[in-house]
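Trainee: Sharing data.txt (compact mmCIF, C-alpha atoms) below.
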```txt
# COMPACT_ATOMS: atom_id res chain seq x y z
CA MET U 11 -9.99 17.91 -20.66
CA PRO U 12 -7.92 19.89 -23.17
CA GLN U 13 -9.89 23.01 -22.23
CA ALA U 14 -9.29 22.39 -18.54
CA ARG U 15 -5.60 21.89 -19.17
CA GLU U 16 -5.41 25.13 -21.15
CA ALA U 17 -7.24 26.95 -18.38
CA TYR U 18 -4.87 25.72 -15.68
CA ILE U 19 -1.83 26.59 -17.78
CA SER U 20 -3.23 30.06 -18.41
CA ALA U 21 -3.84 30.50 -14.70
CA LEU U 22 -0.25 29.54 -13.96
CA LYS U 23 0.97 32.15 -16.43
CA VAL U 24 -0.91 34.77 -14.45
CA SER U 25 0.06 33.36 -11.04
CA PRO U 26 3.18 31.21 -11.41
CA GLY U 27 3.38 28.47 -8.81
CA ALA U 28 -0.20 28.97 -7.62
CA HIS U 29 -1.33 26.07 -5.48
CA SER U 30 -4.79 25.61 -6.98
CA ALA U 31 -3.88 25.54 -10.66
CA THR U 32 -0.76 23.47 -10.02
CA MET U 33 -2.64 20.79 -8.10
CA ARG U 34 -5.42 20.59 -10.64
CA LEU U 35 -3.05 20.47 -13.63
CA ALA U 36 -0.98 17.76 -11.96
CA ALA U 37 -4.06 15.71 -11.07
CA LEU U 38 -5.34 15.97 -14.62
CA ALA U 39 -2.03 14.78 -16.00
CA PHE U 40 -1.72 11.97 -13.47
CA VAL U 41 -5.19 10.52 -13.90
CA ASN U 42 -5.13 10.69 -17.69
CA GLY U 43 -1.70 9.18 -17.99
CA HIS U 44 -0.32 11.35 -20.74
CA GLY U 45 0.63 14.91 -21.47
CA ASP U 46 2.28 16.90 -18.70
CA ASP U 47 4.49 15.10 -16.24
CA PRO U 48 2.67 15.63 -12.94
CA TYR U 49 5.39 15.06 -10.43
CA PRO U 50 7.71 17.98 -11.24
CA LEU U 51 4.69 20.25 -10.79
CA VAL U 52 3.86 18.74 -7.44
CA ASP U 53 7.48 18.57 -6.36
CA ALA U 54 7.92 22.29 -6.97
CA LEU U 55 4.78 22.98 -4.99
CA LEU U 56 5.92 20.87 -2.04
CA ARG U 57 9.18 22.79 -1.90
CA ASP U 58 7.62 26.23 -2.16
CA ASP U 59 3.90 26.53 -1.55
CA ASP U 60 2.91 30.05 -0.64
CA ALA U 61 -0.74 30.89 -0.11
CA ARG U 62 -0.09 34.52 -1.00
CA ARG U 63 0.81 33.47 -4.53
CA ASP U 64 -2.62 32.04 -5.26
CA PRO U 65 -5.56 34.42 -5.84
CA TRP U 66 -7.91 31.51 -5.22
CA TRP U 67 -7.03 31.60 -1.55
CA SER U 68 -7.93 35.27 -1.43
CA TYR U 69 -11.43 34.41 -2.49
CA TYR U 70 -11.69 31.11 -0.72
CA ALA U 71 -10.06 32.04 2.54
CA ALA U 72 -11.01 35.72 2.69
CA ASP U 73 -9.11 37.41 5.51
CA TRP U 74 -7.43 34.12 6.38
CA ARG U 75 -4.93 35.02 3.65
CA PHE U 76 -3.48 37.52 6.05
CA TRP U 77 -2.68 34.83 8.58
CA TYR U 78 0.71 33.74 7.27
CA PRO U 79 2.29 37.15 6.70
CA ARG U 80 0.94 38.46 9.98
CA ILE U 81 1.96 35.51 12.10
CA GLU U 82 5.37 35.68 10.49
CA ARG U 83 5.54 39.37 11.41
CA VAL U 84 4.57 38.55 15.00
CA ARG U 85 7.35 35.97 15.15
CA GLN U 86 9.89 38.44 13.87
CA LEU U 87 8.77 40.99 16.45
CA ALA U 88 8.92 38.39 19.21
CA LEU U 89 12.52 37.61 18.32
CA GLN U 90 13.59 41.24 18.57
CA PRO U 91 15.38 42.19 21.78
CA MET J 19 -21.86 -1.67 12.01
CA VAL J 20 -20.77 -1.17 8.46
CA LYS J 21 -23.11 -2.36 5.79
CA VAL J 22 -21.47 -5.12 3.81
CA SER J 23 -21.70 -4.80 0.07
CA SER J 24 -22.27 -7.77 -2.20
CA THR J 25 -18.78 -7.30 -3.61
CA VAL J 26 -17.28 -7.65 -0.19
CA VAL J 27 -19.40 -10.72 0.48
CA ALA J 28 -18.24 -12.23 -2.80
CA CYS J 29 -14.63 -11.65 -1.82
CA ALA J 30 -15.29 -13.07 1.61
CA VAL J 31 -16.79 -16.20 0.13
CA ALA J 32 -13.81 -16.57 -2.16
CA LEU J 33 -11.54 -16.28 0.82
CA ALA J 34 -13.43 -18.95 2.67
CA VAL J 35 -13.19 -21.54 -0.08
CA GLY J 36 -9.47 -22.26 0.06
CA GLY J 37 -6.94 -21.12 -2.50
CA ALA J 38 -7.65 -17.50 -1.74
CA ALA J 39 -8.27 -15.26 -4.69
CA VAL J 40 -8.82 -11.56 -4.56
CA GLY J 41 -9.72 -9.76 -7.75
CA ALA J 42 -8.19 -6.53 -6.64
CA GLN J 43 -5.35 -5.02 -4.73
CA SER J 44 -1.59 -4.33 -5.18
CA VAL J 45 -0.04 -2.93 -8.38
CA PHE J 46 2.14 -0.41 -9.96
CA ARG J 47 2.57 1.37 -13.19
CA SER J 48 3.77 -0.20 -16.38
CA GLY J 49 7.02 0.78 -17.94
CA VAL J 50 9.76 -0.57 -20.11
CA ASP J 51 10.82 -2.81 -17.25
CA GLY J 52 7.36 -4.26 -16.83
CA VAL J 53 4.87 -4.06 -14.05
CA THR J 54 5.61 -4.14 -10.35
CA VAL J 55 3.00 -5.19 -7.83
CA VAL J 56 3.28 -5.00 -4.06
CA VAL J 57 1.33 -7.84 -2.47
CA SER J 58 0.60 -8.38 1.19
CA VAL J 59 -0.32 -11.94 2.20
CA HIS J 60 -1.60 -12.70 5.69
CA ARG J 61 -3.22 -15.60 7.42
CA GLY J 62 -5.05 -14.21 10.38
CA ASN J 63 -2.79 -11.48 11.71
CA GLN J 64 0.41 -13.17 10.61
CA PRO J 65 2.20 -12.24 7.40
CA ILE J 66 2.99 -15.29 5.31
CA ALA J 67 6.68 -15.51 4.51
CA GLY J 68 8.58 -17.78 2.18
CA LEU J 69 6.25 -17.72 -0.81
CA THR J 70 7.81 -18.07 -4.25
CA SER J 71 6.65 -16.94 -7.66
CA SER J 72 5.15 -20.38 -8.29
CA ASP J 73 2.84 -19.86 -5.30
CA PHE J 74 1.13 -16.90 -6.97
CA GLU J 75 -1.32 -16.77 -9.83
CA LEU J 76 -1.37 -13.33 -11.43
CA LYS J 77 -3.70 -12.19 -14.17
CA ASP J 78 -3.53 -8.98 -16.16
CA ASN J 79 -6.91 -8.16 -17.72
CA GLY J 80 -7.82 -11.80 -17.21
CA VAL J 81 -4.71 -13.17 -18.93
CA ALA J 82 -2.38 -15.27 -16.79
CA GLN J 83 1.10 -13.76 -16.56
CA GLU J 84 4.52 -15.18 -15.83
CA ILE J 85 6.06 -13.60 -12.76
CA SER J 86 9.62 -12.74 -13.67
CA SER J 87 10.84 -11.97 -10.19
CA ILE J 88 9.67 -11.90 -6.62
CA SER J 89 11.28 -10.32 -3.61
CA ALA J 90 10.25 -9.14 -0.21
CA GLU J 91 12.37 -7.91 2.65
CA LYS J 92 15.30 -6.98 0.44
CA VAL J 93 13.51 -4.32 -1.61
CA PRO J 94 14.40 -0.90 -0.18
CA LEU J 95 11.54 1.38 0.68
CA ASP J 96 10.80 5.07 0.47
CA LEU J 97 8.63 6.18 3.36
CA THR J 98 6.69 9.43 3.21
CA LEU J 99 5.26 10.63 6.49
CA LEU J 100 2.39 12.99 5.79
CA LEU J 101 1.41 14.92 8.89
CA ASP J 102 -1.67 17.05 9.32
CA LEU J 103 -0.20 20.06 11.08
CA SER J 104 -3.28 22.22 11.08
CA SER J 105 -4.27 24.11 14.20
CA SER J 106 -6.14 21.05 15.48
CA VAL J 107 -2.78 19.39 16.12
CA ASP J 108 -0.84 21.41 18.61
CA GLY J 109 0.88 21.22 21.95
CA PRO J 110 1.61 17.73 23.28
CA GLN J 111 0.29 16.06 20.16
CA LEU J 112 2.72 17.95 17.95
CA GLN J 113 5.56 16.83 20.20
CA ARG J 114 4.34 13.23 19.98
CA LEU J 115 4.43 13.47 16.21
CA LYS J 116 7.97 14.84 16.21
CA THR J 117 9.03 11.98 18.45
CA ALA J 118 7.30 9.50 16.14
CA VAL J 119 9.18 10.87 13.13
CA ILE J 120 12.51 10.42 14.91
CA ASP J 121 11.57 6.94 16.16
CA THR J 122 10.39 5.86 12.72
CA ALA J 123 13.50 7.15 10.98
CA ALA J 124 15.57 5.09 13.40
CA LEU J 125 13.84 1.93 12.15
CA LEU J 126 15.00 2.38 8.57
CA ARG J 127 17.53 0.06 6.99
CA PRO J 128 20.63 1.39 5.21
CA ASP J 129 19.00 1.48 1.77
CA ASP J 130 15.68 2.90 2.97
CA ARG J 131 14.76 6.57 2.82
CA ILE J 132 12.30 8.82 4.61
CA ARG J 133 10.78 12.21 3.91
CA LEU J 134 8.35 14.40 5.77
CA VAL J 135 5.50 16.42 4.29
CA ALA J 136 3.36 18.71 6.42
CA ILE J 137 -0.19 19.68 5.59
CA SER J 138 -1.93 22.84 6.67
CA GLN J 139 -3.72 25.07 4.22
CA VAL J 140 -0.61 24.77 2.07
CA LEU J 141 1.76 21.84 1.57
CA HIS J 142 5.30 21.82 2.81
CA GLU J 143 8.03 19.25 2.30
CA VAL J 144 9.83 19.57 5.62
CA PHE J 145 12.67 17.42 4.36
CA SER J 146 13.12 15.44 1.16
CA LEU J 147 13.94 11.75 0.88
CA ARG J 148 17.01 10.95 2.94
CA PRO J 149 18.58 7.89 4.48
CA LYS J 150 18.60 6.88 8.10
CA GLY J 151 20.86 9.08 10.17
CA ALA J 152 20.60 12.17 7.96
CA ALA J 153 19.60 15.44 9.58
CA MET J 154 15.89 16.07 10.03
CA LEU J 155 14.93 19.64 10.71
CA LEU J 156 11.98 19.29 13.05
CA ASP J 157 12.51 22.19 15.43
CA GLY J 158 10.71 24.63 13.18
CA LEU J 159 7.59 22.50 12.86
CA SER J 160 4.46 24.24 14.03
CA ALA J 161 0.76 23.49 13.77
CA GLU J 162 -1.46 26.20 12.38
CA GLY J 163 -4.11 26.98 9.84
CA ALA J 164 -6.60 24.85 7.98
CA THR J 165 -6.23 21.37 6.43
CA SER J 166 -5.72 20.62 2.75
CA LEU J 167 -5.78 16.89 3.40
CA TYR J 168 -6.82 15.69 -0.05
CA ASP J 169 -4.23 17.96 -1.65
CA GLY J 170 -1.54 16.51 0.58
CA MET J 171 -2.53 12.93 -0.09
CA ALA J 172 -2.83 13.56 -3.83
CA ALA J 173 0.53 15.32 -4.02
CA THR J 174 2.37 12.49 -2.31
CA MET J 175 0.51 9.77 -4.21
CA MET J 176 1.55 11.31 -7.52
CA ARG J 177 5.21 10.69 -6.82
CA PRO J 178 6.26 7.70 -8.95
CA SER J 179 8.18 4.90 -7.31
CA GLU J 180 11.75 4.63 -8.46
CA PRO J 181 12.85 1.40 -10.14
CA GLY J 182 13.89 -1.18 -7.60
CA ARG J 183 12.20 0.59 -4.74
CA ARG J 184 8.74 0.53 -3.17
CA GLN J 185 6.86 3.39 -1.64
CA LEU J 186 4.78 3.70 1.51
CA ILE J 187 2.86 6.79 2.58
CA VAL J 188 1.76 7.00 6.20
CA ALA J 189 -0.58 9.91 6.89
CA PHE J 190 -1.51 11.18 10.32
CA THR J 191 -4.68 13.27 10.30
CA ASP J 192 -7.98 13.84 12.03
CA GLY J 193 -9.47 13.02 8.64
CA HIS J 194 -11.23 16.29 8.07
CA ASP J 195 -10.42 18.34 5.01
CA SER J 196 -11.20 22.02 4.93
CA THR J 197 -9.31 23.76 2.15
CA SER J 198 -8.24 21.30 -0.55
CA ILE J 199 -8.39 22.14 -4.22
CA ILE J 200 -8.49 18.43 -5.00
CA ASP J 201 -11.91 17.11 -4.08
CA GLU J 202 -12.77 13.68 -2.76
CA THR J 203 -13.59 12.29 -6.20
CA ALA J 204 -10.30 13.44 -7.72
CA ALA J 205 -8.34 12.13 -4.73
CA LYS J 206 -9.97 8.72 -5.14
CA ALA J 207 -9.14 8.70 -8.86
CA ILE J 208 -5.50 9.33 -8.03
CA ALA J 209 -5.54 6.65 -5.33
CA ARG J 210 -6.73 4.07 -7.83
CA ILE J 211 -3.66 4.46 -10.01
CA THR J 212 -0.89 5.46 -7.63
CA ASP J 213 1.87 2.93 -7.14
CA SER J 214 2.22 3.84 -3.47
CA VAL J 215 0.62 2.02 -0.59
CA VAL J 216 -1.18 4.55 1.61
CA ASP J 217 -1.89 4.00 5.31
CA VAL J 218 -3.70 6.52 7.48
CA VAL J 219 -3.59 6.96 11.25
CA VAL J 220 -6.54 8.82 12.76
CA PRO J 221 -6.84 9.89 16.40
CA VAL J 222 -10.25 8.98 17.78
CA ALA J 223 -12.08 9.56 21.04
CA GLY J 224 -12.94 6.82 23.51
CA GLY J 225 -12.11 3.12 23.66
CA ASP J 226 -9.99 0.67 25.58
CA ALA J 227 -8.52 -1.37 22.76
CA PRO J 228 -4.88 -0.41 22.27
CA ALA J 229 -3.79 0.13 18.70
CA GLN J 230 -1.46 -2.86 18.92
CA ARG J 231 -4.39 -5.13 19.63
CA ARG J 232 -6.45 -3.56 16.89
CA LEU J 233 -3.55 -3.83 14.47
CA ALA J 234 -3.40 -7.51 15.31
CA GLN J 235 -6.84 -8.08 13.87
CA PRO J 236 -6.72 -9.86 10.52
CA ARG J 237 -7.17 -7.02 8.09
CA GLY J 238 -9.07 -7.93 4.99
CA SER J 239 -9.98 -11.28 6.48
CA LEU J 240 -13.57 -12.37 6.72
CA ASP J 241 -13.90 -10.85 10.15
CA SER J 242 -12.46 -7.48 9.29
CA LEU J 243 -14.27 -7.32 5.98
CA MET J 244 -17.55 -8.04 7.70
CA THR J 245 -17.03 -5.49 10.40
CA GLY J 246 -15.14 -2.57 9.10
CA ASP J 247 -14.04 -2.36 5.47
CA ASN J 248 -10.38 -2.39 6.44
CA ILE J 249 -10.94 0.15 9.19
CA VAL J 250 -9.47 -1.30 12.34
CA ALA J 251 -11.00 0.43 15.30
CA GLY J 252 -11.87 -0.18 18.89
CA LYS J 253 -15.41 0.30 20.08
CA ASP J 254 -14.73 2.26 23.21
CA VAL J 255 -11.64 4.30 23.63
CA ALA J 256 -10.39 6.88 26.12
CA PRO J 257 -10.39 10.46 24.88
CA PHE J 258 -7.43 11.26 22.68
CA SER J 259 -8.09 14.93 22.24
CA ALA J 260 -10.95 17.29 22.37
CA GLY J 261 -13.01 17.18 19.24
CA ALA J 262 -11.82 13.78 18.07
CA ALA J 263 -14.50 11.64 16.45
CA ASP J 264 -15.44 8.16 17.61
CA ALA J 265 -14.20 6.56 14.41
CA PRO J 266 -12.20 7.54 11.34
CA PRO J 267 -14.29 9.16 8.59
CA PRO J 268 -15.37 6.39 6.19
CA VAL J 269 -14.06 8.34 3.22
CA LEU J 270 -10.52 7.54 4.32
CA ALA J 271 -11.08 3.81 3.99
CA ASP J 272 -12.55 4.38 0.53
CA LEU J 273 -9.49 6.40 -0.35
CA VAL J 274 -6.78 4.00 0.78
CA ARG J 275 -8.44 0.69 -0.11
CA PRO J 276 -7.40 0.75 -3.80
CA THR J 277 -3.80 1.35 -2.73
CA ALA J 278 -3.89 -1.77 -0.53
CA GLY J 279 -3.53 0.51 2.45
CA GLN J 280 -5.37 0.60 5.74
CA VAL J 281 -6.84 3.04 8.24
CA ILE J 282 -5.86 2.72 11.88
CA ALA J 283 -7.72 4.44 14.71
CA LEU J 284 -5.43 5.80 17.40
CA THR J 285 -6.68 6.31 20.94
CA GLY J 286 -5.29 8.50 23.66
CA SER J 287 -3.27 5.71 25.19
CA ASP J 288 -1.66 4.60 21.95
CA SER J 289 1.86 5.46 20.94
CA VAL J 290 2.12 7.07 17.53
CA SER J 291 5.62 5.63 17.19
CA VAL J 292 4.38 2.10 17.85
CA VAL J 293 1.62 2.40 15.27
CA PHE J 294 4.02 3.81 12.66
CA LYS J 295 6.40 0.92 13.37
CA ALA J 296 3.62 -1.63 12.93
CA MET J 297 2.72 -0.12 9.56
CA LEU J 298 6.35 -0.11 8.46
CA ASP J 299 6.85 -3.72 9.51
CA ASP J 300 3.69 -4.76 7.74
CA PHE J 301 4.75 -3.05 4.53
CA ARG J 302 8.25 -4.46 4.70
CA ALA J 303 6.85 -7.99 4.89
CA SER J 304 4.94 -7.59 1.63
CA TYR J 305 6.08 -9.21 -1.62
CA VAL J 306 7.14 -7.32 -4.70
CA LEU J 307 6.12 -9.17 -7.87
CA ARG J 308 7.36 -8.17 -11.30
CA TYR J 309 6.16 -9.24 -14.70
CA VAL J 310 6.12 -8.08 -18.29
CA ALA J 311 2.54 -8.05 -19.49
CA GLN J 312 1.96 -10.54 -22.28
CA GLY J 313 -1.11 -11.14 -24.40
CA VAL J 314 -2.84 -7.88 -23.47
CA GLN J 315 -3.06 -4.48 -25.08
CA GLU J 316 -0.58 -2.05 -23.66
CA GLU J 317 -2.91 0.93 -23.57
CA GLY J 318 -5.69 1.63 -21.14
CA TRP J 319 -6.63 0.32 -17.74
CA HIS J 320 -5.25 -3.07 -16.72
CA GLU J 321 -7.17 -4.99 -14.08
CA ILE J 322 -4.92 -7.20 -12.00
CA SER J 323 -6.02 -10.17 -9.96
CA ILE J 324 -3.76 -12.14 -7.69
CA ALA J 325 -4.31 -15.46 -5.97
CA VAL J 326 -2.22 -17.74 -3.82
CA LYS J 327 -2.29 -21.29 -5.13
CA LYS J 328 -1.46 -22.92 -1.83
CA HIS J 329 -4.44 -24.36 -0.04
CA GLY J 330 -5.63 -22.22 2.81
CA ARG J 331 -7.42 -19.03 3.64
CA TYR J 332 -5.28 -15.99 2.94
CA ASP J 333 -5.84 -12.28 3.18
CA ILE J 334 -4.28 -10.84 0.03
CA ARG J 335 -3.94 -7.09 -0.37
CA ALA J 336 -2.71 -5.51 -3.57
CA ARG J 337 -3.74 -2.81 -5.95
CA ARG J 338 -6.58 -3.17 -8.44
CA GLY J 339 -4.55 -2.47 -11.51
CA TYR J 340 -2.53 0.10 -13.39
CA MET J 341 -2.84 2.48 -16.26
CA GLY J 342 -1.09 1.40 -19.43
CA ARG J 343 0.47 3.87 -21.76
CA GLY J 344 -1.46 5.98 -24.18
CA LYS J 345 -4.82 7.60 -24.16
CA ILE J 346 -7.71 5.73 -22.63
CA GLY J 347 -11.35 5.87 -23.47
CA SER J 348 -13.82 7.08 -20.88
CA SER J 349 -15.26 3.58 -20.60
CA GLU J 350 -11.85 2.21 -19.67
CA ALA J 351 -11.13 4.65 -16.89
CA PRO J 352 -10.88 3.05 -13.46
CA ARG J 353 -13.95 3.59 -11.35
```
Kindly return the structure encoded in the file as structure tokens.
Mentor:
Amino acid sequence: MPQAREAYISALKVSPGAHSATMRLAALAFVNGHGDDPYPLVDALLRDDDARRDPWWSYYAADWRFWYPRIERVRQLALQP
Amino acid sequence: MVKVSSTVVACAVALAVGGAAVGAQSVFRSGVDGVTVVVSVHRGNQPIAGLTSSDFELKDNGVAQEISSISAEKVPLDLTLLLDLSSSVDGPQLQRLKTAVIDTAALLRPDDRIRLVAISQVLHEVFSLRPKGAAMLLDGLSAEGATSLYDGMAATMMRPSEPGRRQLIVAFTDGHDSTSIIDETAAKAIARITDSVVDVVVPVAGGDAPAQRRLAQPRGSLDSLMTGDNIVAGKDVAPFSAGAADAPPPVLADLVRPTAGQVIALTGSDSVSVVFKAMLDDFRASYVLRYVAQGVQEEGWHEISIAVKKHGRYDIRARRGYMGRGKIGSSEAPR
């Protein structure tokens, strides 16, 4: 477990706020009952969870990672007069 | 038909022999103020009101404990609505969910609070905990992307209940996870020690039994234990939406059972608002027991068992236990 914790913390240094490492670090802390306080981690994620911030999604979701920026771009274009 | 495990049969037998005792269900986390346990007591489909601390027998790791306080309706609640807003939920169904959020918020009492969390691939707190009447920004809600269901459930279950409050999570989902980082095993581990009660509403295809009637079945009673492991579902229901399954995925029942929660199947004719209201009413009727653990080690996993001393057959739902402070050994970890 200490190695896992170190790995997740290292990942968050590379990709601050990344969904995958944040969730795993919080779950580790919650289930083991000591160490990091899980809820501030989760709370921050719930307020600002951006798939583009997490390299895991790039691998896991492949081109799906383009969905959010592109659909947002479409919405902006649709709102233009 | 769900196969009935020997454990379930043992519980069912215990229920049938008067003075109901259930060796598992409603708890919270220990702290300087002691342990808080949310307990639901039903006979048939009726919640049992008017019980006092002397009516309960509570054991912590097998040691009888003195209940320092008991309360029910007066304890304010924090309600988290967790909505699966992946691309499978769109159009009329999304509008029904928005309506259900507004209707449910209107049911809150002055000290209650509600928040809304949306799940797609990512998690999004649409609005944080707020009292009845506060603004709820629902216009921007849209349904798109994949479903990180386990991540959403885990994230909300990890929120600790505030002192003097109790916490209910009601999730609406088709039950299918596609992109979570938290796997099923990790989600179940979190469910075993959360201090929230987690209910799940799942749209299903087919059937003519309205959700109200199915909700009226005695959950956790002999009948429901023998037939559905706390899943309350009709056999034949009208189509709710294309692609909906005939019954909620069994994993959901496994997930919510340790939290003393339940899974409700929703058919096309059911009102989401009505089902949410039924869950809220059910939770509000539960008892909140508090005690300071005596005669047991503080550290590690604490198994809690609760019984009602009064003669009769009761359906008691509560959590299995809580995690004490300090490091636990692998053999102590809740399974």
Trainee: List the spatial neighbours of stretch 74-76 of chain J as a PDB file with C-alpha atoms, in the frame of the given file - criterion: any atom at most 7 Å away, all atoms listed in the file, same-chain residues fewer than 5 positions off excluded.
Mentor:
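File result.pdb, as written:
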```pdb
ATOM      1  CA  ALA J  82      -2.380 -15.270 -16.790  1.00  0.00           C
ATOM      2  CA  GLN J  83       1.100 -13.760 -16.560  1.00  0.00           C
ATOM      3  CA  SER J 323      -6.020 -10.170  -9.960  1.00  0.00           C
ATOM      4  CA  ILE J 324      -3.760 -12.140  -7.690  1.00  0.00           C
ATOM      5  CA  ALA J 325      -4.310 -15.460  -5.970  1.00  0.00           C
ATOM      6  CA  VAL J 326      -2.220 -17.740  -3.820  1.00  0.00           C
ATOM      7  CA  LYS J 327      -2.290 -21.290  -5.130  1.00  0.00           C
TER       8      LYS J 327
END
```
Trainee: Pull out every residue of chain J that has at least one atom within 8 Å of chain U, counting all atoms listed in the file, and report them as a PDB file with C-alpha atoms, keeping the file's coordinate frame.
Mentor:
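Written file, out-v6.pdb:
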```pdb
ATOM      1  CA  VAL J 135       5.500  16.420   4.290  1.00  0.00           C
ATOM      2  CA  GLN J 139      -3.720  25.070   4.220  1.00  0.00           C
ATOM      3  CA  VAL J 140      -0.610  24.770   2.070  1.00  0.00           C
ATOM      4  CA  LEU J 141       1.760  21.840   1.570  1.00  0.00           C
ATOM      5  CA  HIS J 142       5.300  21.820   2.810  1.00  0.00           C
ATOM      6  CA  GLU J 143       8.030  19.250   2.300  1.00  0.00           C
ATOM      7  CA  ASP J 169      -4.230  17.960  -1.650  1.00  0.00           C
ATOM      8  CA  ALA J 172      -2.830  13.560  -3.830  1.00  0.00           C
ATOM      9  CA  ALA J 173       0.530  15.320  -4.020  1.00  0.00           C
ATOM     10  CA  MET J 176       1.550  11.310  -7.520  1.00  0.00           C
ATOM     11  CA  ARG J 177       5.210  10.690  -6.820  1.00  0.00           C
ATOM     12  CA  PRO J 178       6.260   7.700  -8.950  1.00  0.00           C
ATOM     13  CA  ILE J 199      -8.390  22.140  -4.220  1.00  0.00           C
ATOM     14  CA  ILE J 200      -8.490  18.430  -5.000  1.00  0.00           C
ATOM     15  CA  ALA J 204     -10.300  13.440  -7.720  1.00  0.00           C
ATOM     16  CA  ALA J 207      -9.140   8.700  -8.860  1.00  0.00           C
ATOM     17  CA  ILE J 208      -5.500   9.330  -8.030  1.00  0.00           C
ATOM     18  CA  ILE J 211      -3.660   4.460 -10.010  1.00  0.00           C
ATOM     19  CA  MET J 341      -2.840   2.480 -16.260  1.00  0.00           C
ATOM     20  CA  GLY J 342      -1.090   1.400 -19.430  1.00  0.00           C
ATOM     21  CA  ARG J 343       0.470   3.870 -21.760  1.00  0.00           C
ATOM     22  CA  GLY J 344      -1.460   5.980 -24.180  1.00  0.00           C
ATOM     23  CA  LYS J 345      -4.820   7.600 -24.160  1.00  0.00           C
ATOM     24  CA  ILE J 346      -7.710   5.730 -22.630  1.00  0.00           C
TER      25      ILE J 346
END
```
Trainee: Find the residues around J:Arg133 up to 12 Å (only C-alpha atoms counted), leave out those fewer than 3 positions away in its own chain, and share them as an NGL selection string.
Mentor: (:U and (56)) or (:J and (95-101 or 119-120 or 122-123 or 126 or 130 or 136 or 142-150 or 152-156 or 174 or 185-189))
Trainee: May I ask for the distance between atom CA of J:Ile66 and atom CA of J:Gly330, given in Å to one decimal place?
Mentor: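 Value for the atom CA of J:Ile66-atom CA of J:Gly330 distance: 11.3 Å.
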Trainee: Centre and edge lengths of an axis-aligned box around all listed atoms of stretch 73-77 of chain U, with 8 Å added on each side, are to be given in Å to one decimal, as AutoDock Vina command-line options.
Mentor:
```
--center_x -5.9 --center_y 35.8 --center_z 6.1 --size_x 22.4 --size_y 19.4 --size_z 20.9
```
Trainee: Just give me the gap between atom CA of J:Ser104 and atom CA of J:Thr197 in Å, one decimal is fine.
Mentor: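 Straight-line distance from atom CA of J:Ser104 to atom CA of J:Thr197 works out to 10.9 Å.
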Trainee: Suppose you want the space between atom CA of U:Tyr69 and atom CA of U:Ala21; what is it in Å?
Mentor: 14.9 Å
Trainee: Write a file for stretch 24-37 of chain U of the given structure; include C-alpha atoms and format it as a tab-separated table (two decimals), in the first residue's frame.
Mentor:
```tsv
chain	number	residue	atom	x	y	z
U	24	VAL	CA	2.90	15.05	-13.05
U	25	SER	CA	-0.81	15.60	-13.72
U	26	PRO	CA	-2.32	17.66	-10.90
U	27	GLY	CA	-5.99	16.94	-10.37
U	28	ALA	CA	-5.99	13.89	-12.62
U	29	HIS	CA	-9.15	11.86	-12.15
U	30	SER	CA	-7.56	8.41	-12.06
U	31	ALA	CA	-4.82	9.04	-9.52
U	32	THR	CA	-7.09	11.18	-7.36
U	33	MET	CA	-9.80	8.53	-7.16
U	34	ARG	CA	-7.36	5.75	-6.41
U	35	LEU	CA	-5.48	7.74	-3.77
U	36	ALA	CA	-8.74	8.73	-2.09
U	37	ALA	CA	-10.04	5.16	-2.14
```
